[in-house]
Amino acid sequence: GDSVTQMEGPVTLSEEAFLTINCTYTATGYPSLFWYVQYPGEGLQLLLKATKADDKGSNKGFEATYRKETTSFHLEKGSVQVSDSAVYFCAASNFGNEKLTFGTGTRLTIIP
Amino acid sequence: SQTIHQWPATLVQPVGSPLSLECTVEGTSNPNLYWYRQAAGRGLQLLFYSVGIGQISSEVPQNLSASRPQDRQFILSSKKLLLSDSGFYLCAWSRIGDQPQHFGDGTRLSIL
């Protein structure tokens with residue numbers, strides 16, 4: 001079946017550090033890929049997405065590129081802020097686009 | 001624009017009591033609807049999804065049930081709650097045949 005594997009965490013970085021959170025997937029066909037962010041006590045918010053190979057999704061300084069050859073969608077940000085502290089989820093759509101398969105989430109803490 | 005509402009935001013219930021959580025979507029027609037559970041510090045578990053009125057797919061067998069009495073209304077129920085039902089319950093919607101999903105703010109359920 002479909003699966004999404006992401007960096008376990010927790011990840012702790014200093015402010016202005018470079019961030020990478022790894023995400024790889026296995027799926028039938030070519031899924032759409034997503035990163036969601038969950039701030040404490042809140043629901044999930046869509047951060048960015050990519051729908052085909054080599055697409056780059058970007059938002060709020062975060063970027064991720066759909067790499068078909070490595071089945072990956074790693075999340076990156078060049079300079080993190082304290083306000084980026086949250087849990088980040090990678091997700092992939094299933095073949096019929098009815099469901100999403102989520103990774104287990106990566107808790108990110110940024111210290112000033 | 002589309003909005004999704006979940007209520008209540010928090011709920012404390014005794015073991016063995018019934019449960020009813022409600023989710024409604026505004027600003028769109030015939031959405032796909034989803035119920036997830038997130039245990040403390042854990043990832044997302046898809047419980048149910050629905051592609052239309054009266055159509056419910058169950059992902060995980062348990063003592064919970066879901067119903068969709070109207071196009072944009074999705075209800076999560078239980079006749080007798082267990083301690084293991086504690087968690088953060090999230091409702092989400094997406095367009096038919098499309099992703100991403102858009103999440104509500106969640107209901108934090110504590111079972112005593």
# chains A, B, ... in the order shown; residues from 1 in each chain; ligands from 1
>>> closest_atom_pairs(of="chain B", to="chain A", cutoff="7 Å", atoms="only C-alpha atoms", output="Markdown table")
| residue | atom | partner | partner_atom | distance |
| --- | --- | --- | --- | --- |
| B:Arg42 | CA | A:Thr104 | CA | 6.8 |
| B:Gly43 | CA | A:Thr104 | CA | 4.4 |
| B:Leu44 | CA | A:Phe102 | CA | 6.8 |
| B:Leu90 | CA | A:Gly43 | CA | 6.8 |
| B:Gly97 | CA | A:Asn97 | CA | 5.3 |
| B:Asp98 | CA | A:Asn97 | CA | 5.4 |
| B:Gln99 | CA | A:Asn97 | CA | 6.3 |
| B:Phe103 | CA | A:Leu44 | CA | 5.8 |
| B:Gly104 | CA | A:Gly43 | CA | 5.8 |
| B:Asp105 | CA | A:Gly43 | CA | 4.4 |
| B:Gly106 | CA | A:Gly43 | CA | 5.6 |
>>> residues_around(residues="Phe62 of chain A", least_positions_apart="3", cutoff="8 Å", atoms="only C-alpha atoms", output="PDB file with N, CA and C atoms, in the first residue's frame")
ATOM      1  N   SER A  58       6.191  26.244  -2.846  1.00  0.00           N
ATOM      2  CA  SER A  58       6.847  27.195  -1.951  1.00  0.00           C
ATOM      3  C   SER A  58       5.802  28.053  -1.257  1.00  0.00           C
ATOM      4  N   ASN A  59       6.133  28.446  -0.026  1.00  0.00           N
ATOM      5  CA  ASN A  59       5.231  29.285   0.759  1.00  0.00           C
ATOM      6  C   ASN A  59       5.957  29.690   2.034  1.00  0.00           C
ATOM      7  N   LEU A  75      11.404  19.015   2.710  1.00  0.00           N
ATOM      8  CA  LEU A  75      11.046  20.395   3.049  1.00  0.00           C
ATOM      9  C   LEU A  75      12.303  21.157   3.466  1.00  0.00           C
ATOM     10  N   GLU A  76      12.470  22.370   2.935  1.00  0.00           N
ATOM     11  CA  GLU A  76      13.652  23.174   3.245  1.00  0.00           C
ATOM     12  C   GLU A  76      13.259  24.620   3.520  1.00  0.00           C
ATOM     13  N   LYS A  77      14.057  25.245   4.379  1.00  0.00           N
ATOM     14  CA  LYS A  77      13.933  26.688   4.589  1.00  0.00           C
ATOM     15  C   LYS A  77      15.315  27.222   4.919  1.00  0.00           C
ATOM     16  N   GLY A  78      15.649  28.312   4.303  1.00  0.00           N
ATOM     17  CA  GLY A  78      17.010  28.819   4.424  1.00  0.00           C
ATOM     18  C   GLY A  78      17.332  29.430   5.774  1.00  0.00           C
TER      19      GLY A  78
END
>>> residues_around(residues="Ile53 of chain B", least_positions_apart="6", cutoff="7 Å", atoms="only C-alpha atoms", output="NGL selection string")
:B and (68-71)
>>> select_by_dssp(residues="segment 2-93 of chain B", states="strand (DSSP E)", output="PyMOL selection string")
chain B and resi 3-7+10-13+19-26+32-38+44-52+55-58+64-70+73-78+87-93
>>> residues_around(residues="Gln45 of chain B", least_positions_apart="4", cutoff="9 Å", atoms="only C-alpha atoms", output="PDB file with N, CA and C atoms, in the first residue's frame")
ATOM      1  N   PHE A 102      -0.505  10.211   5.343  1.00  0.00           N
ATOM      2  CA  PHE A 102       0.338  11.146   6.073  1.00  0.00           C
ATOM      3  C   PHE A 102       1.553  10.436   6.654  1.00  0.00           C
TER       4      PHE A 102
ATOM      5  N   TRP B  35     -12.815  12.210   8.797  1.00  0.00           N
ATOM      6  CA  TRP B  35     -12.561  12.295  10.233  1.00  0.00           C
ATOM      7  C   TRP B  35     -11.217  11.622  10.515  1.00  0.00           C
ATOM      8  N   TYR B  36     -10.361  12.349  11.266  1.00  0.00           N
ATOM      9  CA  TYR B  36      -9.078  11.828  11.706  1.00  0.00           C
ATOM     10  C   TYR B  36      -9.021  11.879  13.231  1.00  0.00           C
ATOM     11  N   ARG B  37      -8.167  11.026  13.781  1.00  0.00           N
ATOM     12  CA  ARG B  37      -7.828  11.128  15.194  1.00  0.00           C
ATOM     13  C   ARG B  37      -6.312  11.254  15.323  1.00  0.00           C
ATOM     14  N   GLN B  38      -5.914  12.089  16.267  1.00  0.00           N
ATOM     15  CA  GLN B  38      -4.497  12.289  16.547  1.00  0.00           C
ATOM     16  C   GLN B  38      -4.305  12.058  18.039  1.00  0.00           C
ATOM     17  N   ALA B  39      -3.681  10.947  18.396  1.00  0.00           N
ATOM     18  CA  ALA B  39      -3.375  10.689  19.800  1.00  0.00           C
ATOM     19  C   ALA B  39      -2.230  11.601  20.218  1.00  0.00           C
ATOM     20  N   GLU B  59     -12.074   3.211   7.952  1.00  0.00           N
ATOM     21  CA  GLU B  59     -10.677   2.813   7.766  1.00  0.00           C
ATOM     22  C   GLU B  59     -10.178   1.925   8.905  1.00  0.00           C
ATOM     23  N   VAL B  60     -10.716   2.116  10.087  1.00  0.00           N
ATOM     24  CA  VAL B  60     -10.211   1.400  11.263  1.00  0.00           C
ATOM     25  C   VAL B  60     -11.403   0.892  12.067  1.00  0.00           C
TER      26      VAL B  60
END
>>> residues_around(residues="Ser78 of chain B", least_positions_apart="3", cutoff="9 Å", atoms="only C-alpha atoms", output="ChimeraX atom specification")
/B:17-20,63-66,81
>>> write_last_selection(atoms="all heavy atoms", output="mmCIF file, in the first residue's frame")
data_model
loop_
_atom_site.group_PDB
_atom_site.id
_atom_site.type_symbol
_atom_site.label_atom_id
_atom_site.label_comp_id
_atom_site.auth_asym_id
_atom_site.auth_seq_id
_atom_site.Cartn_x
_atom_site.Cartn_y
_atom_site.Cartn_z
ATOM 1 N N SER B 17 -19.919 6.848 28.274
ATOM 2 C CA SER B 17 -20.918 7.824 27.830
ATOM 3 C C SER B 17 -20.936 7.892 26.307
ATOM 4 O O SER B 17 -19.981 7.471 25.649
ATOM 5 C CB SER B 17 -20.615 9.197 28.422
ATOM 6 O OG SER B 17 -19.375 9.682 27.946
ATOM 7 N N PRO B 18 -22.012 8.435 25.716
ATOM 8 C CA PRO B 18 -22.060 8.565 24.255
ATOM 9 C C PRO B 18 -21.301 9.796 23.775
ATOM 10 O O PRO B 18 -20.929 10.666 24.561
ATOM 11 C CB PRO B 18 -23.558 8.712 23.972
ATOM 12 C CG PRO B 18 -24.092 9.358 25.213
ATOM 13 C CD PRO B 18 -23.264 8.823 26.354
ATOM 14 N N LEU B 19 -21.088 9.833 22.459
ATOM 15 C CA LEU B 19 -20.329 10.933 21.862
ATOM 16 C C LEU B 19 -20.995 11.373 20.571
ATOM 17 O O LEU B 19 -21.488 10.535 19.797
ATOM 18 C CB LEU B 19 -18.898 10.484 21.540
ATOM 19 C CG LEU B 19 -18.035 11.477 20.759
ATOM 20 C CD1 LEU B 19 -17.621 12.630 21.640
ATOM 21 C CD2 LEU B 19 -16.826 10.790 20.143
ATOM 22 N N SER B 20 -20.976 12.674 20.338
ATOM 23 C CA SER B 20 -21.390 13.201 19.038
ATOM 24 C C SER B 20 -20.570 14.442 18.746
ATOM 25 O O SER B 20 -20.655 15.440 19.457
ATOM 26 C CB SER B 20 -22.878 13.545 19.034
ATOM 27 O OG SER B 20 -23.258 14.053 17.766
ATOM 28 N N ASN B 63 -15.067 1.339 18.070
ATOM 29 C CA ASN B 63 -16.414 1.603 18.571
ATOM 30 C C ASN B 63 -16.933 2.966 18.152
ATOM 31 O O ASN B 63 -17.860 3.480 18.750
ATOM 32 C CB ASN B 63 -16.432 1.464 20.099
ATOM 33 C CG ASN B 63 -15.656 2.598 20.759
ATOM 34 O OD1 ASN B 63 -14.615 2.997 20.264
ATOM 35 N ND2 ASN B 63 -16.180 3.118 21.847
ATOM 36 N N LEU B 64 -16.338 3.559 17.139
ATOM 37 C CA LEU B 64 -16.825 4.824 16.616
ATOM 38 C C LEU B 64 -17.598 4.589 15.327
ATOM 39 O O LEU B 64 -17.372 3.587 14.633
ATOM 40 C CB LEU B 64 -15.650 5.770 16.330
ATOM 41 C CG LEU B 64 -14.793 6.171 17.534
ATOM 42 C CD1 LEU B 64 -13.568 6.943 17.054
ATOM 43 C CD2 LEU B 64 -15.603 6.991 18.517
ATOM 44 N N SER B 65 -18.484 5.506 14.997
ATOM 45 C CA SER B 65 -19.207 5.457 13.732
ATOM 46 C C SER B 65 -19.328 6.867 13.189
ATOM 47 O O SER B 65 -19.123 7.852 13.906
ATOM 48 C CB SER B 65 -20.596 4.838 13.922
ATOM 49 O OG SER B 65 -21.379 5.628 14.791
ATOM 50 N N ALA B 66 -19.630 6.970 11.906
ATOM 51 C CA ALA B 66 -19.785 8.274 11.274
ATOM 52 C C ALA B 66 -21.052 8.270 10.439
ATOM 53 O O ALA B 66 -21.490 7.225 9.945
ATOM 54 C CB ALA B 66 -18.569 8.613 10.418
ATOM 55 N N LEU B 81 -18.084 5.402 25.100
ATOM 56 C CA LEU B 81 -16.691 5.787 24.952
ATOM 57 C C LEU B 81 -15.767 4.922 25.814
ATOM 58 O O LEU B 81 -16.112 4.503 26.923
ATOM 59 C CB LEU B 81 -16.509 7.253 25.339
ATOM 60 C CG LEU B 81 -17.027 8.273 24.323
ATOM 61 C CD1 LEU B 81 -17.084 9.651 24.936
ATOM 62 C CD2 LEU B 81 -16.150 8.270 23.078
#
>>> residues_around(residues="Leu82 of chain B", least_positions_apart="4", cutoff="9 Å", atoms="only C-alpha atoms", output="short mmCIF file (atom, residue, chain, number, x, y, z; two decimals) with all heavy atoms, in the first residue's frame")
data_model
loop_
_atom_site.label_atom_id
_atom_site.label_comp_id
_atom_site.auth_asym_id
_atom_site.auth_seq_id
_atom_site.Cartn_x
_atom_site.Cartn_y
_atom_site.Cartn_z
N PRO B 14 -17.14 11.01 30.55
CA PRO B 14 -16.81 9.81 31.34
C PRO B 14 -16.82 8.57 30.45
O PRO B 14 -17.48 8.53 29.41
CB PRO B 14 -17.94 9.74 32.37
CG PRO B 14 -19.07 10.47 31.75
CD PRO B 14 -18.49 11.52 30.86
N VAL B 15 -16.05 7.58 30.88
CA VAL B 15 -16.04 6.29 30.18
C VAL B 15 -17.47 5.75 30.13
O VAL B 15 -18.23 5.85 31.10
CB VAL B 15 -15.13 5.29 30.93
CG1 VAL B 15 -15.32 3.89 30.37
CG2 VAL B 15 -13.67 5.70 30.80
N GLY B 16 -17.83 5.21 28.96
CA GLY B 16 -19.15 4.61 28.81
C GLY B 16 -20.22 5.57 28.35
O GLY B 16 -21.35 5.15 28.04
N SER B 17 -19.92 6.85 28.27
CA SER B 17 -20.92 7.82 27.83
C SER B 17 -20.94 7.89 26.31
O SER B 17 -19.98 7.47 25.65
CB SER B 17 -20.62 9.20 28.42
OG SER B 17 -19.38 9.68 27.95
N ASN B 63 -15.07 1.34 18.07
CA ASN B 63 -16.41 1.60 18.57
C ASN B 63 -16.93 2.97 18.15
O ASN B 63 -17.86 3.48 18.75
CB ASN B 63 -16.43 1.46 20.10
CG ASN B 63 -15.66 2.60 20.76
OD1 ASN B 63 -14.61 3.00 20.26
ND2 ASN B 63 -16.18 3.12 21.85
N SER B 86 -9.66 8.84 23.82
CA SER B 86 -9.11 10.19 24.04
C SER B 86 -8.22 10.59 22.88
O SER B 86 -7.50 9.76 22.32
CB SER B 86 -8.29 10.21 25.34
OG SER B 86 -9.11 10.03 26.46
N ILE B 111 -11.26 11.53 28.01
CA ILE B 111 -12.15 10.55 28.62
C ILE B 111 -11.66 10.29 30.04
O ILE B 111 -10.48 9.98 30.25
CB ILE B 111 -12.16 9.24 27.82
CG1 ILE B 111 -12.39 9.51 26.34
CG2 ILE B 111 -13.21 8.27 28.38
CD1 ILE B 111 -13.70 10.18 26.04
#
>>> atom_distance(atom1="atom CA of Ile56 of chain B", atom2="atom CA of His102 of chain B")
18.6 Å
>>> atom_distance(atom1="atom CA of Thr20 of chain A", atom2="atom CA of Val37 of chain A")
14.3 Å
>>> residues_around(residues="segment 14-16 of chain A", least_positions_apart="5", cutoff="7 Å", atoms="only C-alpha atoms", output="list in words")
Ser79, Val80, Gln81, Val82, Ile110, Ile111 and Pro112 of chain A
>>> atom_distance(atom1="atom CA of Met7 of chain A", atom2="atom CA of Tyr34 of chain B")
25.4 Å
>>> decode(residues="chain B", atoms="C-alpha atoms", output="PDB file, in the first residue's frame")
ATOM      1  CA  SER B   1     -14.624  31.163   0.173  1.00  0.00           C
ATOM      2  CA  GLN B   2     -14.951  27.815   1.862  1.00  0.00           C
ATOM      3  CA  THR B   3     -14.931  27.348   5.626  1.00  0.00           C
ATOM      4  CA  ILE B   4     -15.089  24.322   7.886  1.00  0.00           C
ATOM      5  CA  HIS B   5     -16.468  24.333  11.404  1.00  0.00           C
ATOM      6  CA  GLN B   6     -16.022  21.755  14.125  1.00  0.00           C
ATOM      7  CA  TRP B   7     -17.585  21.714  17.545  1.00  0.00           C
ATOM      8  CA  PRO B   8     -17.164  21.520  20.390  1.00  0.00           C
ATOM      9  CA  ALA B   9     -13.548  22.654  20.675  1.00  0.00           C
ATOM     10  CA  THR B  10     -12.988  20.669  23.857  1.00  0.00           C
ATOM     11  CA  LEU B  11     -14.973  17.916  25.510  1.00  0.00           C
ATOM     12  CA  VAL B  12     -14.555  15.926  28.710  1.00  0.00           C
ATOM     13  CA  GLN B  13     -16.629  12.765  28.922  1.00  0.00           C
ATOM     14  CA  PRO B  14     -16.813   9.808  31.338  1.00  0.00           C
ATOM     15  CA  VAL B  15     -16.045   6.293  30.184  1.00  0.00           C
ATOM     16  CA  GLY B  16     -19.149   4.613  28.808  1.00  0.00           C
ATOM     17  CA  SER B  17     -20.918   7.824  27.830  1.00  0.00           C
ATOM     18  CA  PRO B  18     -22.060   8.565  24.255  1.00  0.00           C
ATOM     19  CA  LEU B  19     -20.329  10.933  21.862  1.00  0.00           C
ATOM     20  CA  SER B  20     -21.390  13.201  19.038  1.00  0.00           C
ATOM     21  CA  LEU B  21     -18.960  15.504  17.242  1.00  0.00           C
ATOM     22  CA  GLU B  22     -20.191  17.640  14.394  1.00  0.00           C
ATOM     23  CA  CYS B  23     -18.479  19.114  11.378  1.00  0.00           C
ATOM     24  CA  THR B  24     -19.970  21.363   8.717  1.00  0.00           C
ATOM     25  CA  VAL B  25     -18.530  22.872   5.564  1.00  0.00           C
ATOM     26  CA  GLU B  26     -19.690  26.084   3.926  1.00  0.00           C
ATOM     27  CA  GLY B  27     -19.071  27.552   0.506  1.00  0.00           C
ATOM     28  CA  THR B  28     -18.806  24.355  -1.518  1.00  0.00           C
ATOM     29  CA  SER B  29     -21.045  21.522  -2.697  1.00  0.00           C
ATOM     30  CA  ASN B  30     -20.606  17.760  -2.616  1.00  0.00           C
ATOM     31  CA  PRO B  31     -17.249  17.747  -0.830  1.00  0.00           C
ATOM     32  CA  ASN B  32     -15.329  14.692   0.285  1.00  0.00           C
ATOM     33  CA  LEU B  33     -15.364  14.662   4.108  1.00  0.00           C
ATOM     34  CA  TYR B  34     -12.936  13.056   6.538  1.00  0.00           C
ATOM     35  CA  TRP B  35     -12.561  12.295  10.233  1.00  0.00           C
ATOM     36  CA  TYR B  36      -9.078  11.828  11.706  1.00  0.00           C
ATOM     37  CA  ARG B  37      -7.828  11.128  15.194  1.00  0.00           C
ATOM     38  CA  GLN B  38      -4.497  12.289  16.547  1.00  0.00           C
ATOM     39  CA  ALA B  39      -3.375  10.689  19.800  1.00  0.00           C
ATOM     40  CA  ALA B  40      -1.085  12.765  22.025  1.00  0.00           C
ATOM     41  CA  GLY B  41       2.289  13.236  20.340  1.00  0.00           C
ATOM     42  CA  ARG B  42       1.337  10.940  17.478  1.00  0.00           C
ATOM     43  CA  GLY B  43       0.505  11.183  13.802  1.00  0.00           C
ATOM     44  CA  LEU B  44      -2.858  11.277  12.076  1.00  0.00           C
ATOM     45  CA  GLN B  45      -5.105   8.246  11.831  1.00  0.00           C
ATOM     46  CA  LEU B  46      -7.864   8.345   9.208  1.00  0.00           C
ATOM     47  CA  LEU B  47     -11.060   7.049  10.805  1.00  0.00           C
ATOM     48  CA  PHE B  48     -13.761   7.615   8.179  1.00  0.00           C
ATOM     49  CA  TYR B  49     -14.265   9.329   4.876  1.00  0.00           C
ATOM     50  CA  SER B  50     -17.319  10.071   2.786  1.00  0.00           C
ATOM     51  CA  VAL B  51     -17.719  10.851  -0.903  1.00  0.00           C
ATOM     52  CA  GLY B  52     -21.444  11.616  -0.681  1.00  0.00           C
ATOM     53  CA  ILE B  53     -24.588  11.679   1.478  1.00  0.00           C
ATOM     54  CA  GLY B  54     -25.009   8.374   3.276  1.00  0.00           C
ATOM     55  CA  GLN B  55     -21.733   6.995   1.874  1.00  0.00           C
ATOM     56  CA  ILE B  56     -19.249   6.213   4.644  1.00  0.00           C
ATOM     57  CA  SER B  57     -15.972   4.308   4.374  1.00  0.00           C
ATOM     58  CA  SER B  58     -14.449   3.047   7.602  1.00  0.00           C
ATOM     59  CA  GLU B  59     -10.677   2.813   7.766  1.00  0.00           C
ATOM     60  CA  VAL B  60     -10.211   1.400  11.263  1.00  0.00           C
ATOM     61  CA  PRO B  61     -12.652  -0.956  13.036  1.00  0.00           C
ATOM     62  CA  GLN B  62     -13.516   0.409  16.466  1.00  0.00           C
ATOM     63  CA  ASN B  63     -16.414   1.603  18.571  1.00  0.00           C
ATOM     64  CA  LEU B  64     -16.825   4.824  16.616  1.00  0.00           C
ATOM     65  CA  SER B  65     -19.207   5.457  13.732  1.00  0.00           C
ATOM     66  CA  ALA B  66     -19.785   8.274  11.274  1.00  0.00           C
ATOM     67  CA  SER B  67     -22.809   9.594   9.447  1.00  0.00           C
ATOM     68  CA  ARG B  68     -23.435  12.146   6.731  1.00  0.00           C
ATOM     69  CA  PRO B  69     -27.065  13.197   6.970  1.00  0.00           C
ATOM     70  CA  GLN B  70     -26.628  16.235   4.723  1.00  0.00           C
ATOM     71  CA  ASP B  71     -24.232  17.143   1.925  1.00  0.00           C
ATOM     72  CA  ARG B  72     -21.992  19.331   4.061  1.00  0.00           C
ATOM     73  CA  GLN B  73     -22.473  17.774   7.476  1.00  0.00           C
ATOM     74  CA  PHE B  74     -20.346  14.989   8.925  1.00  0.00           C
ATOM     75  CA  ILE B  75     -20.947  13.529  12.377  1.00  0.00           C
ATOM     76  CA  LEU B  76     -18.698  11.282  14.458  1.00  0.00           C
ATOM     77  CA  SER B  77     -20.463   9.212  17.108  1.00  0.00           C
ATOM     78  CA  SER B  78     -19.999   6.565  19.739  1.00  0.00           C
ATOM     79  CA  LYS B  79     -22.521   4.764  21.907  1.00  0.00           C
ATOM     80  CA  LYS B  80     -20.040   4.031  24.708  1.00  0.00           C
ATOM     81  CA  LEU B  81     -16.691   5.787  24.952  1.00  0.00           C
ATOM     82  CA  LEU B  82     -13.497   3.997  25.980  1.00  0.00           C
ATOM     83  CA  LEU B  83     -10.423   5.493  27.639  1.00  0.00           C
ATOM     84  CA  SER B  84      -8.538   4.821  24.416  1.00  0.00           C
ATOM     85  CA  ASP B  85     -10.876   7.186  22.539  1.00  0.00           C
ATOM     86  CA  SER B  86      -9.114  10.186  24.040  1.00  0.00           C
ATOM     87  CA  GLY B  87      -7.378  12.349  21.491  1.00  0.00           C
ATOM     88  CA  PHE B  88      -7.597  15.257  19.114  1.00  0.00           C
ATOM     89  CA  TYR B  89     -10.268  14.750  16.451  1.00  0.00           C
ATOM     90  CA  LEU B  90      -9.946  16.560  13.169  1.00  0.00           C
ATOM     91  CA  CYS B  91     -12.478  16.977  10.392  1.00  0.00           C
ATOM     92  CA  ALA B  92     -11.378  17.827   6.870  1.00  0.00           C
ATOM     93  CA  TRP B  93     -12.867  18.372   3.420  1.00  0.00           C
ATOM     94  CA  SER B  94     -11.626  18.260  -0.144  1.00  0.00           C
ATOM     95  CA  ARG B  95     -13.131  18.697  -3.580  1.00  0.00           C
ATOM     96  CA  ILE B  96     -14.379  15.526  -5.229  1.00  0.00           C
ATOM     97  CA  GLY B  97     -11.541  13.767  -7.037  1.00  0.00           C
ATOM     98  CA  ASP B  98      -9.009  16.314  -5.835  1.00  0.00           C
ATOM     99  CA  GLN B  99      -6.702  17.121  -2.987  1.00  0.00           C
ATOM    100  CA  PRO B 100      -5.529  18.870  -0.794  1.00  0.00           C
ATOM    101  CA  GLN B 101      -7.690  18.504   2.248  1.00  0.00           C
ATOM    102  CA  HIS B 102      -8.605  21.486   4.390  1.00  0.00           C
ATOM    103  CA  PHE B 103      -8.853  20.965   8.122  1.00  0.00           C
ATOM    104  CA  GLY B 104     -11.026  22.273  10.910  1.00  0.00           C
ATOM    105  CA  ASP B 105      -9.628  23.482  14.215  1.00  0.00           C
ATOM    106  CA  GLY B 106     -10.192  20.140  15.916  1.00  0.00           C
ATOM    107  CA  THR B 107     -11.927  18.824  19.034  1.00  0.00           C
ATOM    108  CA  ARG B 108      -9.860  17.787  22.013  1.00  0.00           C
ATOM    109  CA  LEU B 109     -11.620  14.860  23.671  1.00  0.00           C
ATOM    110  CA  SER B 110     -10.637  13.691  27.150  1.00  0.00           C
ATOM    111  CA  ILE B 111     -12.148  10.546  28.619  1.00  0.00           C
ATOM    112  CA  LEU B 112     -12.184  10.223  32.408  1.00  0.00           C
TER     113      LEU B 112
END
